[in-house]
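Engineer: So that we are looking at the same thing, I have put the structure below in structure tokens.
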Amino acid sequence: MDKKAAKNKIEEYKKLIEESDKLYYEQDKPLIQDSSYDHAFRELKKLEQQYPDLITPDSPTQRVGGKPLKEFKTVIHKKPLLSLDNAMNMEELEEFDQRVRKGLSKDKIEYVCELKMDGLAVSLIYKKGRLQIGSTRGDGRTGEDITQNLKTVRSIPHELKKSEDLEARGEVYLPYDDFVKLNQQRDDAGEARFANPRNAAAGSLRQLDPKVTATRPLDIFLYYGETGKKLKTHLEVLEHLKGLGLKINPQIKLCHGLEDVKKYVKHWETVREKLPYEIDGIVVKVNDLSDQEKLGTTARAPRWAIAFKYPPMQATTIIEDIQVQVGRTGAITPVAHLKPVHLAGVTVKRATLHNEDEIKRKGIKVGDHVVVQRAGEVIPEVVKVVKDKRSGKEKDFHMPKKCPVCHEELFRPEGEAVTRCINAACPAQVIGRLIHYCSREAMDIEHVGPAVVEQLVENKLIKNVADLYDLTTQDLEELERFAAKSAQNVIDSISGSKDRPHDRLLYALGIRMVGRTVAATIAQHYDSLEELFDVKADDLTKIEGIGPKVAASVERFFAEKGNQRLIERLKKAGVKVKTAKAKGPQPLKGKTFVFTGGMEKMTRPEAEELVRNLGGHPSSTVSKKTDYVVAGTDPGSKYEKAKKLGVQCLTEAQFLSLIKR
Ligand code: IVH
């Protein structure tokens, strides 16, 4: 279909869907059958995918909420979930205060100010203290029954602290950090990114499969309650909800009169980006419940509340150039170099374009006028192109074929959105790879944490993981903050990593998609890393638990000559690249041991080796997952921590008797 025909078709589908939605809500009877509705929706989506620049913000595919998916049951809200009137500036806020004062014939009003969470409104109905129904707001009168999904939100109690009947309403949201992580996962899977945390929260809650919702770390703040109790103020209601175990936002504040409210509004406008979640304004509510009743509501919104809306952290500027950056994991990110623009207090010069697909989807070209947005501490991103401002001179962007840092060939795995540099020796990836290599889960090099890695790389002492083993105490003593003792600790802990089992080394190399479990599985079938140099994906997929994507990634990594050289150097340095199959009984299988303090009968590395040979796992940090802490003479903070966490502590003698020595 050509673009013109597609445009007409898109309009046709949009109209059909919108009319159907309207009738569905207003008269509860569908205009067309569900199957035709779904067909129209799918066709519309397909066309929009084909011609992304024909997507409009009002398209039903872009709307959050909308028609309940046919598989969700409909819930009729007992009392409608109202919307809020907006105040866009201080004058409109003053007008609201005047209306309230006039309506109540009072001089000064007590208000409660709350953050306006940007998420998805939900209602929770509890009967005798048990969560019965959880639903979306929908159109305010009818919503979708998403009880099973809401039950996966960890901060929503299935049971209240008291057996009460109650309806609580609030906003489900996804914190920024989790939003960023979720989009990274979607990149890896070649799926479209969520545009913002709100869409991600809504998309996660409206999953037909609650198992999917459960993997998304959603959270909730409740801001309204019908309790059936004789409470006098909104604040008392919130306190009551809190007492029952429901989560209330900690920033809520009681304000005496308009001036207090204005202070709160101004304060959060400047610090809102420091919050770990997105807010789009402040909600101001009359505190006294009988006053609320006096003021009443319109069909749309209460007269006793208003939303002060903050301007979006967005601005328009021009993309002067697009260049690619190599991340610590080799991910290639196209970055827009912008004509500097002021945005929420800072000058923005660069914005991420995420990946090739996103550039295509948004139709971005060099020279385009674009809308950029900052959200929290997240790096600015390009939201969309202002197509009206095109001159025709804009240029398409093409992903480079070679890594801009190491000049090796770039690679985009099938089904993924991210292009990568897979050369482990690429300087751009060095720090990230080194940190991973030294981490507890990997080679467990206790004294080489992220700060030390950065210091070593900056001082040009190491470029890759093999260089670690060439370090000397003299090298380190010349560095800032290093004394003889700390230098020796670093060298000892690096040396101690040489005999980690080879599955740990396999994991530590930081091969894409090779986590601890995959590494352990592969290591069970290949005794030595050198055997993997010419491994073929087809052979790997024969192993239970190794899929084609993982297999391809492993084949690619070991086929790289640079990576083979790295492993050979590690071997020369004395790092074990092979582990003989475990012989004898494995009585410590799955158990984690931490040693602290001095031992009499053996050295610590010897004790650790013993644990390893008996199937256990020695570690250097104490956590709840630690099974035993063996405390020798003068045990330090690890012993204290173990006691605090209730981890079982053994003396050296008890340890030896445990392993029957
Ligand atoms: S009060 C009758 N309080 O904003 C009370 N709403 O624009 C109506 N929202 O649909 C809601 N944070 O999803 C209220 N602290 C807060 C809120 C809040 C976010 C959302 C809510 C509502 C929308 C109205």
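Starting from 1 in every chain, residues are counted up; chains themselves are A, B, ... following the order of the structure tokens, and ligands are numbered from 1 as listed.
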When the cut-off is 6 Å and you count only C-alpha atoms and all ligand atoms, which residues lie near ligand 1, shown as a ChimeraX atom specification?
Structural biologist: /A:82-84,114-118,120-121,171,223,283,302
Engineer: Could you write out that same residue set with all heavy atoms as an mmCIF file, in the first residue's frame?
Structural biologist:
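Output contents, as saved in again.cif:
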data_model
loop_
_atom_site.group_PDB
_atom_site.id
_atom_site.type_symbol
_atom_site.label_atom_id
_atom_site.label_comp_id
_atom_site.auth_asym_id
_atom_site.auth_seq_id
_atom_site.Cartn_x
_atom_site.Cartn_y
_atom_site.Cartn_z
ATOM 1 N N LEU A 82 -12.874 10.239 39.526
ATOM 2 C CA LEU A 82 -12.904 11.524 38.844
ATOM 3 C C LEU A 82 -11.526 11.935 38.363
ATOM 4 O O LEU A 82 -10.507 11.416 38.791
ATOM 5 C CB LEU A 82 -13.457 12.601 39.784
ATOM 6 C CG LEU A 82 -14.916 12.415 40.194
ATOM 7 C CD1 LEU A 82 -15.330 13.483 41.181
ATOM 8 C CD2 LEU A 82 -15.843 12.431 38.974
ATOM 9 N N SER A 83 -11.566 12.934 37.478
ATOM 10 C CA SER A 83 -10.325 13.521 37.011
ATOM 11 C C SER A 83 -10.048 14.755 37.875
ATOM 12 O O SER A 83 -10.739 14.971 38.873
ATOM 13 C CB SER A 83 -10.537 13.896 35.548
ATOM 14 O OG SER A 83 -9.331 14.287 35.008
ATOM 15 N N LEU A 84 -9.071 15.545 37.521
ATOM 16 C CA LEU A 84 -8.798 16.772 38.282
ATOM 17 C C LEU A 84 -8.763 17.957 37.339
ATOM 18 O O LEU A 84 -8.322 17.829 36.189
ATOM 19 C CB LEU A 84 -7.430 16.674 38.970
ATOM 20 C CG LEU A 84 -7.287 15.721 40.151
ATOM 21 C CD1 LEU A 84 -5.823 15.563 40.512
ATOM 22 C CD2 LEU A 84 -8.070 16.223 41.352
ATOM 23 N N GLU A 114 0.042 17.204 47.675
ATOM 24 C CA GLU A 114 0.620 15.884 47.367
ATOM 25 C C GLU A 114 1.322 15.950 46.022
ATOM 26 O O GLU A 114 0.967 16.768 45.180
ATOM 27 C CB GLU A 114 -0.512 14.842 47.249
ATOM 28 C CG GLU A 114 -1.299 14.666 48.515
ATOM 29 C CD GLU A 114 -2.551 13.810 48.326
ATOM 30 O OE1 GLU A 114 -2.741 13.246 47.224
ATOM 31 O OE2 GLU A 114 -3.329 13.717 49.280
ATOM 32 N N LEU A 115 2.288 15.076 45.831
ATOM 33 C CA LEU A 115 2.928 14.978 44.520
ATOM 34 C C LEU A 115 1.933 14.336 43.562
ATOM 35 O O LEU A 115 1.212 13.424 43.935
ATOM 36 C CB LEU A 115 4.187 14.121 44.608
ATOM 37 C CG LEU A 115 5.238 14.593 45.610
ATOM 38 C CD1 LEU A 115 6.442 13.666 45.576
ATOM 39 C CD2 LEU A 115 5.662 16.029 45.330
ATOM 40 N N LYS A 116 1.912 14.837 42.335
ATOM 41 C CA LYS A 116 1.021 14.219 41.348
ATOM 42 C C LYS A 116 1.831 13.184 40.581
ATOM 43 O O LYS A 116 2.636 13.514 39.710
ATOM 44 C CB LYS A 116 0.440 15.274 40.406
ATOM 45 C CG LYS A 116 -0.581 14.699 39.444
ATOM 46 C CD LYS A 116 -1.316 15.815 38.722
ATOM 47 C CE LYS A 116 -2.466 15.289 37.888
ATOM 48 N NZ LYS A 116 -2.063 14.389 36.825
ATOM 49 N N MET A 117 1.638 11.950 40.979
ATOM 50 C CA MET A 117 2.392 10.859 40.370
ATOM 51 C C MET A 117 1.971 10.682 38.925
ATOM 52 O O MET A 117 0.788 10.761 38.611
ATOM 53 C CB MET A 117 2.086 9.542 41.101
ATOM 54 C CG MET A 117 2.289 9.583 42.589
ATOM 55 S SD MET A 117 3.967 9.927 43.026
ATOM 56 C CE MET A 117 4.797 8.577 42.176
ATOM 57 N N ASP A 118 2.958 10.409 38.056
ATOM 58 C CA ASP A 118 2.598 10.157 36.665
ATOM 59 C C ASP A 118 2.623 8.655 36.415
ATOM 60 O O ASP A 118 3.641 8.080 36.042
ATOM 61 C CB ASP A 118 3.567 10.886 35.732
ATOM 62 C CG ASP A 118 2.948 11.111 34.371
ATOM 63 O OD1 ASP A 118 1.736 10.864 34.224
ATOM 64 O OD2 ASP A 118 3.667 11.521 33.454
ATOM 65 N N LEU A 120 -0.518 5.190 36.616
ATOM 66 C CA LEU A 120 -1.836 4.726 36.214
ATOM 67 C C LEU A 120 -2.735 4.661 37.451
ATOM 68 O O LEU A 120 -2.353 4.054 38.444
ATOM 69 C CB LEU A 120 -1.696 3.325 35.599
ATOM 70 C CG LEU A 120 -2.921 2.841 34.846
ATOM 71 C CD1 LEU A 120 -3.011 3.524 33.490
ATOM 72 C CD2 LEU A 120 -2.851 1.325 34.652
ATOM 73 N N ALA A 121 -3.922 5.308 37.352
ATOM 74 C CA ALA A 121 -4.822 5.324 38.505
ATOM 75 C C ALA A 121 -5.505 3.968 38.659
ATOM 76 O O ALA A 121 -5.964 3.384 37.681
ATOM 77 C CB ALA A 121 -5.878 6.406 38.320
ATOM 78 N N GLU A 171 -2.039 5.598 42.644
ATOM 79 C CA GLU A 171 -1.344 5.613 41.364
ATOM 80 C C GLU A 171 -0.245 4.541 41.370
ATOM 81 O O GLU A 171 0.613 4.530 42.250
ATOM 82 C CB GLU A 171 -0.717 7.011 41.187
ATOM 83 C CG GLU A 171 -0.353 7.367 39.793
ATOM 84 C CD GLU A 171 -1.510 7.972 38.993
ATOM 85 O OE1 GLU A 171 -2.688 7.947 39.461
ATOM 86 O OE2 GLU A 171 -1.232 8.449 37.887
ATOM 87 N N TYR A 223 -3.789 7.607 47.433
ATOM 88 C CA TYR A 223 -4.042 9.021 47.728
ATOM 89 C C TYR A 223 -5.511 9.329 48.048
ATOM 90 O O TYR A 223 -5.904 10.487 48.135
ATOM 91 C CB TYR A 223 -3.555 9.926 46.585
ATOM 92 C CG TYR A 223 -4.069 9.523 45.208
ATOM 93 C CD1 TYR A 223 -5.419 9.547 44.893
ATOM 94 C CD2 TYR A 223 -3.173 9.137 44.220
ATOM 95 C CE1 TYR A 223 -5.880 9.184 43.652
ATOM 96 C CE2 TYR A 223 -3.624 8.773 42.959
ATOM 97 C CZ TYR A 223 -4.981 8.796 42.680
ATOM 98 O OH TYR A 223 -5.427 8.426 41.449
ATOM 99 N N VAL A 283 -0.884 17.971 43.516
ATOM 100 C CA VAL A 283 -2.331 17.967 43.737
ATOM 101 C C VAL A 283 -2.609 18.680 45.061
ATOM 102 O O VAL A 283 -2.006 18.352 46.084
ATOM 103 C CB VAL A 283 -2.914 16.549 43.760
ATOM 104 C CG1 VAL A 283 -4.435 16.599 43.862
ATOM 105 C CG2 VAL A 283 -2.500 15.778 42.516
ATOM 106 N N PRO A 302 -13.588 16.948 41.107
ATOM 107 C CA PRO A 302 -14.031 17.563 42.360
ATOM 108 C C PRO A 302 -13.750 19.074 42.365
ATOM 109 O O PRO A 302 -12.779 19.510 41.750
ATOM 110 C CB PRO A 302 -13.169 16.871 43.414
ATOM 111 C CG PRO A 302 -11.983 16.346 42.696
ATOM 112 C CD PRO A 302 -12.426 16.069 41.297
#
Engineer: Each residue of segment 377-433 of chain A lying at most 8 Å from segment 454-466 of chain A should get a row with its shortest atom-to-atom pair and the distance in Å to one decimal, counting only C-alpha atoms; could you produce that, ordered by chain and increasing number, as a Markdown table?
Structural biologist:
| residue | atom | partner | partner_atom | distance |
| --- | --- | --- | --- | --- |
| A:Ala425 | CA | A:Asn464 | CA | 6.4 |
| A:Pro427 | CA | A:Lys463 | CA | 7.0 |
| A:Val430 | CA | A:Asn464 | CA | 6.0 |
| A:Ile431 | CA | A:Glu454 | CA | 6.5 |
| A:Arg433 | CA | A:Val465 | CA | 7.8 |
Engineer: Okay, now the selection with N, CA and C atoms, as an mmCIF file, in the first residue's frame?
Structural biologist:
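Okay, again-v1.cif is ready:
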data_model
loop_
_atom_site.group_PDB
_atom_site.id
_atom_site.type_symbol
_atom_site.label_atom_id
_atom_site.label_comp_id
_atom_site.auth_asym_id
_atom_site.auth_seq_id
_atom_site.Cartn_x
_atom_site.Cartn_y
_atom_site.Cartn_z
ATOM 1 N N ALA A 425 38.873 -6.354 23.699
ATOM 2 C CA ALA A 425 40.024 -5.488 23.970
ATOM 3 C C ALA A 425 39.739 -4.033 23.583
ATOM 4 N N PRO A 427 39.159 -0.435 23.839
ATOM 5 C CA PRO A 427 39.424 0.418 25.004
ATOM 6 C C PRO A 427 38.155 1.008 25.623
ATOM 7 N N VAL A 430 36.837 -1.269 28.285
ATOM 8 C CA VAL A 430 37.784 -1.807 29.246
ATOM 9 C C VAL A 430 37.315 -1.708 30.702
ATOM 10 N N ILE A 431 36.912 -0.515 31.124
ATOM 11 C CA ILE A 431 36.560 -0.335 32.534
ATOM 12 C C ILE A 431 35.390 -1.228 32.938
ATOM 13 N N ARG A 433 34.305 -3.959 31.614
ATOM 14 C CA ARG A 433 34.677 -5.379 31.621
ATOM 15 C C ARG A 433 35.527 -5.719 32.835
#
Engineer: What is the atom CA of Leu238 of chain A to atom CA of Ala214 of chain A distance in Å?
Structural biologist: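 Taking atom CA of Leu238 of chain A as the start and atom CA of Ala214 of chain A as the end point, the length is 26.6 Å.
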Engineer: Show which residues sit within 8 Å of Lys247 of chain A, as a PyMOL selection string. Count only C-alpha atoms, and ignore same-chain residues fewer than 2 positions away.
Structural biologist: chain A and resi 155-156+220-222+241-242+245+249
Engineer: So how many Å separate atom CA of Met313 of chain A and atom CA of Glu92 of chain A, to one decimal?
Structural biologist: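 Calculated distance between atom CA of Met313 of chain A and atom CA of Glu92 of chain A is 20.5 Å.
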Engineer: If you count only C-alpha atoms, which residues fall within 10 Å of Gln564 of chain A, apart from same-chain ones fewer than 4 positions away, as a list in words?
Structural biologist: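 My reading of the contact set: Leu529, Glu530, Leu532, Phe533, Phe557, Phe558, Ala559, Glu560, Glu568, Arg569 and Leu570 of chain A.
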Engineer: Any chance you could list, as a VMD selection string, the residues in segment 453-603 of chain A that come up strand (DSSP E) when DSSP is run on the backbone?
Structural biologist: chain A and resid 592 to 596
Engineer: Quick one: pull the distance between atom CA of Gly143 of chain A and atom CA of Leu205 of chain A, Å, one decimal.
Structural biologist: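 Rounded to one decimal, the two atoms are 12.6 Å apart.
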Engineer: Could you give me, as a JSON list (two decimals) with all heavy atoms, in the first residue's frame, the residues within 8 Å of Val575 of chain A, counting only C-alpha atoms and dropping anything in the same chain fewer than 3 positions from it?
Structural biologist:
[["chain", "number", "residue", "atom", "x", "y", "z"],
["A", 497, "SER", "N", 42.79, -15.00, 42.77],
["A", 497, "SER", "CA", 41.73, -15.31, 41.80],
["A", 497, "SER", "C", 42.18, -16.33, 40.76],
["A", 497, "SER", "O", 41.39, -16.78, 39.94],
["A", 497, "SER", "CB", 41.28, -14.03, 41.09],
["A", 497, "SER", "OG", 42.29, -13.61, 40.18],
["A", 498, "LYS", "N", 43.48, -16.67, 40.81],
["A", 498, "LYS", "CA", 44.01, -17.53, 39.74],
["A", 498, "LYS", "C", 43.40, -18.93, 39.71],
["A", 498, "LYS", "O", 43.36, -19.56, 38.68],
["A", 498, "LYS", "CB", 45.54, -17.64, 39.87],
["A", 498, "LYS", "CG", 46.25, -16.36, 39.47],
["A", 498, "LYS", "CD", 47.74, -16.54, 39.55],
["A", 498, "LYS", "CE", 48.47, -15.24, 39.24],
["A", 498, "LYS", "NZ", 49.92, -15.38, 39.46],
["A", 499, "ASP", "N", 42.97, -19.39, 40.86],
["A", 499, "ASP", "CA", 42.45, -20.76, 40.84],
["A", 499, "ASP", "C", 40.94, -20.84, 41.01],
["A", 499, "ASP", "O", 40.41, -21.79, 41.55],
["A", 499, "ASP", "CB", 43.19, -21.64, 41.85],
["A", 499, "ASP", "CG", 43.10, -21.08, 43.25],
["A", 499, "ASP", "OD1", 42.39, -20.06, 43.43],
["A", 499, "ASP", "OD2", 43.70, -21.63, 44.16],
["A", 500, "ARG", "N", 40.25, -19.83, 40.56],
["A", 500, "ARG", "CA", 38.79, -19.94, 40.54],
["A", 500, "ARG", "C", 38.42, -21.01, 39.51],
["A", 500, "ARG", "O", 39.09, -21.13, 38.49],
["A", 500, "ARG", "CB", 38.14, -18.61, 40.10],
["A", 500, "ARG", "CG", 38.50, -17.43, 40.97],
["A", 500, "ARG", "CD", 37.60, -17.30, 42.17],
["A", 500, "ARG", "NE", 37.97, -16.13, 42.95],
["A", 500, "ARG", "CZ", 38.73, -16.16, 44.04],
["A", 500, "ARG", "NH1", 39.20, -17.30, 44.50],
["A", 500, "ARG", "NH2", 39.01, -15.04, 44.67],
["A", 570, "LEU", "N", 45.89, -15.07, 30.02],
["A", 570, "LEU", "CA", 45.43, -15.41, 31.37],
["A", 570, "LEU", "C", 46.04, -16.74, 31.81],
["A", 570, "LEU", "O", 46.52, -16.90, 32.92],
["A", 570, "LEU", "CB", 43.90, -15.49, 31.41],
["A", 570, "LEU", "CG", 43.15, -14.16, 31.30],
["A", 570, "LEU", "CD1", 41.65, -14.40, 31.15],
["A", 570, "LEU", "CD2", 43.39, -13.32, 32.57],
["A", 571, "LYS", "N", 46.04, -17.68, 30.86],
["A", 571, "LYS", "CA", 46.57, -19.01, 31.17],
["A", 571, "LYS", "C", 48.05, -18.91, 31.54],
["A", 571, "LYS", "O", 48.51, -19.50, 32.51],
["A", 571, "LYS", "CB", 46.38, -19.91, 29.94],
["A", 571, "LYS", "CG", 46.72, -21.34, 30.19],
["A", 571, "LYS", "CD", 46.55, -22.16, 28.92],
["A", 571, "LYS", "CE", 47.26, -23.48, 29.03],
["A", 571, "LYS", "NZ", 47.32, -24.14, 27.72],
["A", 572, "LYS", "N", 48.79, -18.14, 30.75],
["A", 572, "LYS", "CA", 50.23, -17.97, 31.01],
["A", 572, "LYS", "C", 50.46, -17.34, 32.37],
["A", 572, "LYS", "O", 51.42, -17.66, 33.07],
["A", 572, "LYS", "CB", 50.83, -17.06, 29.93],
["A", 572, "LYS", "CG", 51.57, -17.84, 28.90],
["A", 572, "LYS", "CD", 52.55, -16.95, 28.15],
["A", 572, "LYS", "CE", 52.82, -17.57, 26.80],
["A", 572, "LYS", "NZ", 52.77, -16.61, 25.73]]
Engineer: Can you work out which one of A:Ser637, A:Ser105, A:Asn149, A:Ser163 has the shortest atom-to-atom distance to Val122 of chain A, counting only C-alpha atoms?
Structural biologist: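 Ranked by minimum distance to Val122 of chain A, first place goes to A:Asn149.
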Engineer: Could you go through segment 395-510 of chain A and tell me which residues DSSP, when run on the backbone, assigns to helix (DSSP H, G or I), listing them as a PyMOL selection string?
Structural biologist: chain A and resi 427-438+450-458+465-470+473-477+484-499+502-508
Engineer: Excluding same-chain residues fewer than 3 positions from segment 593-605 of chain A, what lies within 9 Å of it counting only C-alpha atoms, as an MDAnalysis selection string?
Structural biologist: chainID A and resid 496 608:611 616:622 626:639 652
Engineer: I want to know what sits within 12 Å of Asn423 of chain A, based on only C-alpha atoms, with residues of the same chain fewer than 4 positions away left out; could you give that as an mmCIF file with N, CA and C atoms, in the first residue's frame?
Structural biologist:
data_model
loop_
_atom_site.group_PDB
_atom_site.id
_atom_site.type_symbol
_atom_site.label_atom_id
_atom_site.label_comp_id
_atom_site.auth_asym_id
_atom_site.auth_seq_id
_atom_site.Cartn_x
_atom_site.Cartn_y
_atom_site.Cartn_z
ATOM 1 N N VAL A 326 30.474 4.304 22.264
ATOM 2 C CA VAL A 326 30.612 2.896 22.635
ATOM 3 C C VAL A 326 30.486 2.785 24.148
ATOM 4 N N ARG A 328 30.102 0.734 27.949
ATOM 5 C CA ARG A 328 30.994 -0.189 28.660
ATOM 6 C C ARG A 328 30.771 -1.644 28.294
ATOM 7 N N THR A 329 29.603 -1.949 27.759
ATOM 8 C CA THR A 329 29.366 -3.339 27.382
ATOM 9 C C THR A 329 29.471 -3.527 25.873
ATOM 10 N N GLY A 330 29.964 -2.488 25.202
ATOM 11 C CA GLY A 330 30.126 -2.589 23.764
ATOM 12 C C GLY A 330 28.905 -2.126 22.985
ATOM 13 N N ALA A 331 27.851 -1.739 23.703
ATOM 14 C CA ALA A 331 26.643 -1.262 23.014
ATOM 15 C C ALA A 331 26.964 0.060 22.308
ATOM 16 N N LYS A 402 32.087 0.191 11.360
ATOM 17 C CA LYS A 402 33.227 -0.133 12.241
ATOM 18 C C LYS A 402 33.133 0.622 13.560
ATOM 19 N N CYS A 403 33.683 0.043 14.600
ATOM 20 C CA CYS A 403 33.686 0.690 15.922
ATOM 21 C C CYS A 403 34.532 1.966 15.862
ATOM 22 N N VAL A 405 36.002 3.445 18.111
ATOM 23 C CA VAL A 405 37.133 3.460 19.040
ATOM 24 C C VAL A 405 38.215 2.443 18.640
ATOM 25 N N CYS A 406 37.813 1.179 18.405
ATOM 26 C CA CYS A 406 38.857 0.175 18.109
ATOM 27 C C CYS A 406 38.891 -0.191 16.623
ATOM 28 N N HIS A 407 37.924 0.317 15.859
ATOM 29 C CA HIS A 407 37.866 0.113 14.407
ATOM 30 C C HIS A 407 37.618 -1.329 13.982
ATOM 31 N N GLU A 408 37.178 -2.155 14.923
ATOM 32 C CA GLU A 408 36.779 -3.516 14.541
ATOM 33 C C GLU A 408 35.356 -3.458 13.982
ATOM 34 N N GLU A 409 35.014 -4.493 13.246
ATOM 35 C CA GLU A 409 33.683 -4.589 12.640
ATOM 36 C C GLU A 409 32.589 -4.564 13.712
ATOM 37 N N LEU A 410 31.525 -3.814 13.483
ATOM 38 C CA LEU A 410 30.409 -3.817 14.438
ATOM 39 C C LEU A 410 29.443 -4.930 14.074
ATOM 40 N N PHE A 411 28.610 -5.277 15.035
ATOM 41 C CA PHE A 411 27.742 -6.424 14.846
ATOM 42 C C PHE A 411 26.379 -6.146 15.452
ATOM 43 N N PRO A 427 39.159 -0.435 23.839
ATOM 44 C CA PRO A 427 39.424 0.418 25.004
ATOM 45 C C PRO A 427 38.155 1.008 25.623
ATOM 46 N N ALA A 428 37.145 1.244 24.809
ATOM 47 C CA ALA A 428 35.933 1.862 25.353
ATOM 48 C C ALA A 428 35.240 0.953 26.357
ATOM 49 N N GLN A 429 35.490 -0.332 26.220
ATOM 50 C CA GLN A 429 34.770 -1.266 27.092
ATOM 51 C C GLN A 429 35.600 -1.723 28.282
ATOM 52 N N VAL A 430 36.837 -1.269 28.285
ATOM 53 C CA VAL A 430 37.784 -1.807 29.246
ATOM 54 C C VAL A 430 37.315 -1.708 30.702
ATOM 55 N N ARG A 433 34.305 -3.959 31.614
ATOM 56 C CA ARG A 433 34.677 -5.379 31.621
ATOM 57 C C ARG A 433 35.527 -5.719 32.835
ATOM 58 N N ASN A 464 43.348 -4.466 29.998
ATOM 59 C CA ASN A 464 42.423 -5.593 29.938
ATOM 60 C C ASN A 464 42.638 -6.499 31.141
ATOM 61 N N LEU A 509 34.396 -13.286 31.918
ATOM 62 C CA LEU A 509 34.815 -12.690 30.648
ATOM 63 C C LEU A 509 33.770 -11.733 30.084
ATOM 64 N N GLY A 510 32.568 -11.786 30.629
ATOM 65 C CA GLY A 510 31.539 -10.815 30.245
ATOM 66 C C GLY A 510 30.992 -11.049 28.844
ATOM 67 N N ILE A 511 30.805 -12.300 28.497
ATOM 68 C CA ILE A 511 30.245 -12.628 27.180
ATOM 69 C C ILE A 511 28.760 -12.316 27.206
ATOM 70 N N ARG A 512 28.263 -11.666 26.182
ATOM 71 C CA ARG A 512 26.852 -11.304 26.141
ATOM 72 C C ARG A 512 25.975 -12.522 26.375
ATOM 73 N N ARG A 556 30.553 -16.459 18.696
ATOM 74 C CA ARG A 556 31.145 -15.196 18.216
ATOM 75 C C ARG A 556 32.301 -14.760 19.105
ATOM 76 N N PHE A 557 32.098 -14.862 20.409
ATOM 77 C CA PHE A 557 33.126 -14.385 21.345
ATOM 78 C C PHE A 557 34.423 -15.177 21.179
ATOM 79 N N PHE A 558 34.287 -16.507 21.147
ATOM 80 C CA PHE A 558 35.511 -17.318 21.127
ATOM 81 C C PHE A 558 36.180 -17.336 19.756
ATOM 82 N N ALA A 559 35.408 -17.022 18.717
ATOM 83 C CA ALA A 559 35.999 -17.003 17.379
ATOM 84 C C ALA A 559 36.906 -15.776 17.216
ATOM 85 N N GLU A 560 36.661 -14.742 18.010
ATOM 86 C CA GLU A 560 37.464 -13.509 17.930
ATOM 87 C C GLU A 560 38.907 -13.781 18.343
ATOM 88 N N LYS A 561 39.835 -13.446 17.448
ATOM 89 C CA LYS A 561 41.257 -13.728 17.758
ATOM 90 C C LYS A 561 41.716 -12.954 19.003
ATOM 91 N N GLY A 562 41.259 -11.717 19.130
ATOM 92 C CA GLY A 562 41.649 -10.892 20.281
ATOM 93 C C GLY A 562 41.244 -11.561 21.591
ATOM 94 N N ASN A 563 40.062 -12.166 21.610
ATOM 95 C CA ASN A 563 39.591 -12.832 22.819
ATOM 96 C C ASN A 563 40.406 -14.096 23.107
ATOM 97 N N GLN A 564 40.767 -14.804 22.028
ATOM 98 C CA GLN A 564 41.588 -16.018 22.213
ATOM 99 C C GLN A 564 42.946 -15.645 22.807
ATOM 100 N N ARG A 565 43.511 -14.565 22.297
ATOM 101 C CA ARG A 565 44.823 -14.127 22.809
ATOM 102 C C ARG A 565 44.717 -13.775 24.295
ATOM 103 N N LEU A 566 43.606 -13.129 24.652
ATOM 104 C CA LEU A 566 43.394 -12.731 26.040
ATOM 105 C C LEU A 566 43.385 -13.961 26.957
#
Engineer: Counting only C-alpha atoms, which residue out of A:Tyr51, A:Tyr176, A:Tyr111, A:Tyr437 sits closest to Leu235 of chain A?
Structural biologist: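 For Leu235 of chain A, the nearest of the candidates is A:Tyr111.
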Engineer: Find, counting only C-alpha atoms, the residue in A:Pro276, A:Gly129, A:Pro340, A:Pro312 that gets nearest to Leu246 of chain A.
Structural biologist: A:Gly129
Engineer: For Glu416 of chain A, which residue among A:Val265, A:Ala189, A:Leu343, A:Ala301 is the nearest when counting only C-alpha atoms?
Structural biologist: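 Using only C-alpha atoms, the shortest distance to Glu416 of chain A belongs to A:Ala189.
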Engineer: Which residue is closest to Tyr310 of chain A? Choose from A:Tyr277, A:Trp268, A:Tyr173, A:Phe194 and count only C-alpha atoms.
Structural biologist: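 Selected residue with least distance to Tyr310 of chain A: A:Trp268.
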